[in-house]
Structure formats: structure tokens, C-alpha cells
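Trainee: Just entry16.pdb, nothing more (PDB, C-alpha atoms):
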ATOM      1  CA  MET A 235       9.831  13.159 -14.637
ATOM      2  CA  THR A 236       6.773  15.071 -13.399
ATOM      3  CA  ASP A 237       4.902  14.601 -10.122
ATOM      4  CA  GLN A 238       2.098  12.898 -12.060
ATOM      5  CA  ALA A 239       4.223  10.021 -13.418
ATOM      6  CA  PRO A 240       4.632   7.974 -10.179
ATOM      7  CA  SER A 241       1.030   8.599  -9.231
ATOM      8  CA  ARG A 242      -0.251   7.557 -12.662
ATOM      9  CA  SER A 243       1.709   4.314 -12.334
ATOM     10  CA  LEU A 244       0.150   3.647  -8.922
ATOM     11  CA  ALA A 245      -3.328   4.345 -10.283
ATOM     12  CA  ARG A 246      -2.861   1.990 -13.231
ATOM     13  CA  SER A 247      -1.727  -0.829 -10.942
ATOM     14  CA  LEU A 248      -4.839  -0.379  -8.816
ATOM     15  CA  VAL A 249      -7.111  -0.308 -11.875
ATOM     16  CA  ARG A 250      -5.609  -3.598 -13.118
ATOM     17  CA  ALA A 251      -6.185  -5.209  -9.709
ATOM     18  CA  LEU A 252      -9.787  -3.980  -9.588
ATOM     19  CA  GLN A 253     -10.419  -5.207 -13.158
ATOM     20  CA  ALA A 254      -9.372  -8.675 -12.012
ATOM     21  CA  LEU A 255     -11.894  -8.483  -9.135
ATOM     22  CA  LEU A 256     -14.675  -6.881 -11.207
ATOM     23  CA  PRO A 257     -14.143  -8.089 -14.799
ATOM     24  CA  GLN A 258     -17.389  -6.560 -16.108
ATOM     25  CA  ALA A 259     -16.508  -3.107 -14.781
ATOM     26  CA  ARG A 260     -15.353  -0.090 -16.701
ATOM     27  CA  ILE A 261     -12.863   1.760 -14.474
ATOM     28  CA  PRO A 262     -11.501   5.102 -15.650
ATOM     29  CA  ILE A 263      -9.161   7.125 -13.459
ATOM     30  CA  LEU A 264     -10.864  10.374 -12.444
ATOM     31  CA  HIS A 265      -7.827  11.906 -10.787
ATOM     32  CA  GLU A 266      -4.739  11.113  -8.830
ATOM     33  CA  ARG A 267      -2.361  13.290  -6.925
ATOM     34  CA  PRO A 268       0.829  12.714  -4.999
ATOM     35  CA  TRP A 269       0.440  12.230  -1.261
ATOM     36  CA  HIS A 270       3.159  12.576   1.383
ATOM     37  CA  SER A 271       3.463  12.380   5.140
ATOM     38  CA  LEU A 272       6.593  12.627   7.253
ATOM     39  CA  THR A 273       7.281   8.916   6.791
ATOM     40  CA  PHE A 274       5.368   7.789   3.683
ATOM     41  CA  SER A 275       4.858   8.750   0.046
ATOM     42  CA  GLY A 276       2.195   7.591  -2.328
ATOM     43  CA  ALA A 277      -0.907   8.776  -4.146
ATOM     44  CA  GLN A 278      -4.527   9.620  -3.540
ATOM     45  CA  ILE A 279      -6.557   8.082  -6.346
ATOM     46  CA  CYS A 280     -10.166   8.540  -7.371
ATOM     47  CA  LEU A 281     -11.779   6.047  -9.753
ATOM     48  CA  SER A 282     -15.172   5.797 -11.392
ATOM     49  CA  VAL A 283     -16.551   2.272 -11.624
ATOM     50  CA  ALA A 284     -19.452   1.397 -13.929
ATOM     51  CA  LEU A 285     -21.050  -2.041 -13.466
ATOM     52  CA  PRO A 286     -24.154  -3.358 -15.228
ATOM     53  CA  VAL A 287     -27.008  -3.629 -12.719
ATOM     54  CA  THR A 288     -28.082  -6.997 -14.164
ATOM     55  CA  ALA A 289     -24.631  -8.589 -13.943
ATOM     56  CA  ALA A 290     -23.149  -6.959 -10.889
ATOM     57  CA  GLU A 291     -23.204  -7.413  -7.191
ATOM     58  CA  PRO A 292     -24.916  -4.538  -5.394
ATOM     59  CA  PRO A 293     -22.627  -1.734  -4.199
ATOM     60  CA  SER A 294     -22.758  -3.101  -0.646
ATOM     61  CA  ALA A 295     -21.238  -6.382  -1.861
ATOM     62  CA  VAL A 296     -18.539  -4.503  -3.784
ATOM     63  CA  ALA A 297     -17.787  -2.442  -0.657
ATOM     64  CA  GLN A 298     -17.393  -5.658   1.356
ATOM     65  CA  LEU A 299     -15.168  -7.118  -1.367
ATOM     66  CA  LEU A 300     -12.916  -4.051  -1.245
ATOM     67  CA  GLU A 301     -12.778  -4.184   2.549
ATOM     68  CA  ASP A 302     -11.900  -7.894   2.653
ATOM     69  CA  HIS A 303      -9.556  -8.083  -0.343
ATOM     70  CA  GLU A 304      -5.812  -8.256   0.259
ATOM     71  CA  PHE A 305      -4.399  -6.312  -2.689
ATOM     72  CA  SER A 306      -1.035  -7.503  -3.964
ATOM     73  CA  LEU A 307       0.459  -4.627  -5.926
ATOM     74  CA  PRO A 308       4.173  -4.500  -6.726
ATOM     75  CA  SER A 309       6.005  -2.087  -4.389
ATOM     76  CA  GLN A 310       2.707  -0.649  -3.156
ATOM     77  CA  LEU A 311       0.407  -0.890  -0.185
ATOM     78  CA  VAL A 312      -3.307  -0.113  -0.387
ATOM     79  CA  ALA A 313      -3.593   1.836   2.865
ATOM     80  CA  ASP A 314      -7.250   2.771   2.376
ATOM     81  CA  ILE A 315      -9.911   2.084  -0.243
ATOM     82  CA  ALA A 316     -13.639   2.770  -0.080
ATOM     83  CA  ILE A 317     -16.720   3.532  -2.123
ATOM     84  CA  THR A 318     -17.521   7.180  -1.446
ATOM     85  CA  GLU A 319     -20.496   7.673  -3.796
ATOM     86  CA  THR A 320     -23.049   5.401  -5.479
ATOM     87  CA  ALA A 321     -25.778   5.903  -8.059
ATOM     88  CA  ILE A 322     -27.742   3.995 -10.674
ATOM     89  CA  PHE A 323     -27.640   5.601 -14.107
ATOM     90  CA  ASP A 324     -28.484   4.134 -17.536
ATOM     91  CA  GLY A 325     -28.806   0.600 -16.163
ATOM     92  CA  GLN A 326     -25.442   0.694 -14.404
ATOM     93  CA  TYR A 327     -24.195   1.054 -10.892
ATOM     94  CA  ARG A 328     -21.887   4.061 -10.831
ATOM     95  CA  LEU A 329     -19.440   3.958  -7.958
ATOM     96  CA  ILE A 330     -16.776   6.441  -6.967
ATOM     97  CA  ILE A 331     -13.855   4.721  -5.274
ATOM     98  CA  ASP A 332     -11.233   6.687  -3.363
ATOM     99  CA  ALA A 333      -7.957   5.044  -2.447
ATOM    100  CA  LEU A 334      -4.686   5.866  -0.763
ATOM    101  CA  LEU A 335      -1.726   3.904  -2.084
ATOM    102  CA  LEU A 336       1.660   4.025  -0.385
ATOM    103  CA  GLU A 337       4.966   3.289  -2.005
ATOM    104  CA  ASP A 338       6.543   0.285  -0.321
TER     105      ASP A 338
END
Mind turning this structure into C-alpha cells?

Mentor:
Amino acid sequence: MTDQAPSRSLARSLVRALQALLPQARIPILHERPWHSLTFSGAQICLSVALPVTAAEPPSAVAQLLEDHEFSLPSQLVADIAITETAIFDGQYRLIIDALLLED
């Protein structure tokens, strides 16, 4: 098994959870990489979120949703998640979301 396999699994779980929160969004994984501290292991994940401007909440509402939401991912803890970049392009909000997931 490579270093990417556990991380990819963590990223997919997060994408599924975000799709449930933002059903109109397109959410590709930009990158993920293993993350370790002395006591924890997990993954740093970067996602691109595309939401139609006409059907979506503004990025500030999505940011509040991410901040308030209690993610329930199997064997994982969402330690940090935030929108780090926003833009409007081709009638869509484009958001970059960075997250740190820890293995439980």
C-alpha cells in the first residue's frame, strides 16, 4: 500500500460528507498528502468546490456552515476545515477548501 491510499480514502469520505451538505456542488480533490505529528496521523486535503451562483449560498454562508457542522466520518476527525480562496467564474462560486483530517 502506498502513502497515498489512506489519504485518498480520507479525502473521499470528506467529499461525500460535503456533497450531502452542498448537493449542487461539484467537488474534485485537488490534492491530499499524509500528515503526522508526534501523537496523530491523518491527511491534509485540498478541495475545489464549484457552486452555481444562482442556486448557492454565498461563500460566507458556506464558511459558516463548515464552521458549525459536526462532521461524522467513520474513524476520522475533521480537526480543521476552512475556505481559503473564493472567486466567481463562469457563473459559479469557486471555493478552495483546505482540511486536516485525523485518523481516529

Trainee: Using only C-alpha atoms, which of A:Ile322, A:Leu264, A:Ala259, A:Leu335 sits nearest Phe305 of chain A?

Mentor: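 Ranked by minimum distance to Phe305 of chain A, first place goes to A:Leu335.
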
Trainee: Taking (-25.4, -2.9, -6.1) as a centre in this file's frame and 12 Å as the limit, can you find every polymer residue with an atom that close, using all atoms listed in the file, and give them as a ChimeraX atom specification?

Mentor: /A:283-298,317,319-323,325-329

Trainee: Can you spell out as a PyMOL selection string the set of residues that the PyMOL selection byres ((chain A and resi 252) around 12) selects in the structure I just provided?

Mentor: chain A and resi 245-251+253-263+281-284+296+299-300+303-307+312+315+331+333

Trainee: If you count all atoms listed in the file, which residues fall within 10 Å of Leu244 of chain A, apart from same-chain ones fewer than 5 positions away, as a PyMOL selection string?

Mentor: chain A and resi 238-239+249+266+268+276-279+307-312+334-337

Trainee: Can you report as lines of an AutoDock Vina configuration file the centre and edge lengths in Å, to one decimal, of an axis-aligned box around the listed atoms of segment 314-321 of chain A padded with 5 Å on each side?

Mentor:
center_x = -16.5
center_y = 4.9
center_z = -2.8
size_x = 28.5
size_y = 15.6
size_z = 20.4

Trainee: A:Asp302, A:Ile330, A:Ala316, A:Asp324: which is nearest His265 of chain A, counting all atoms listed in the file?

Mentor: A:Ile330
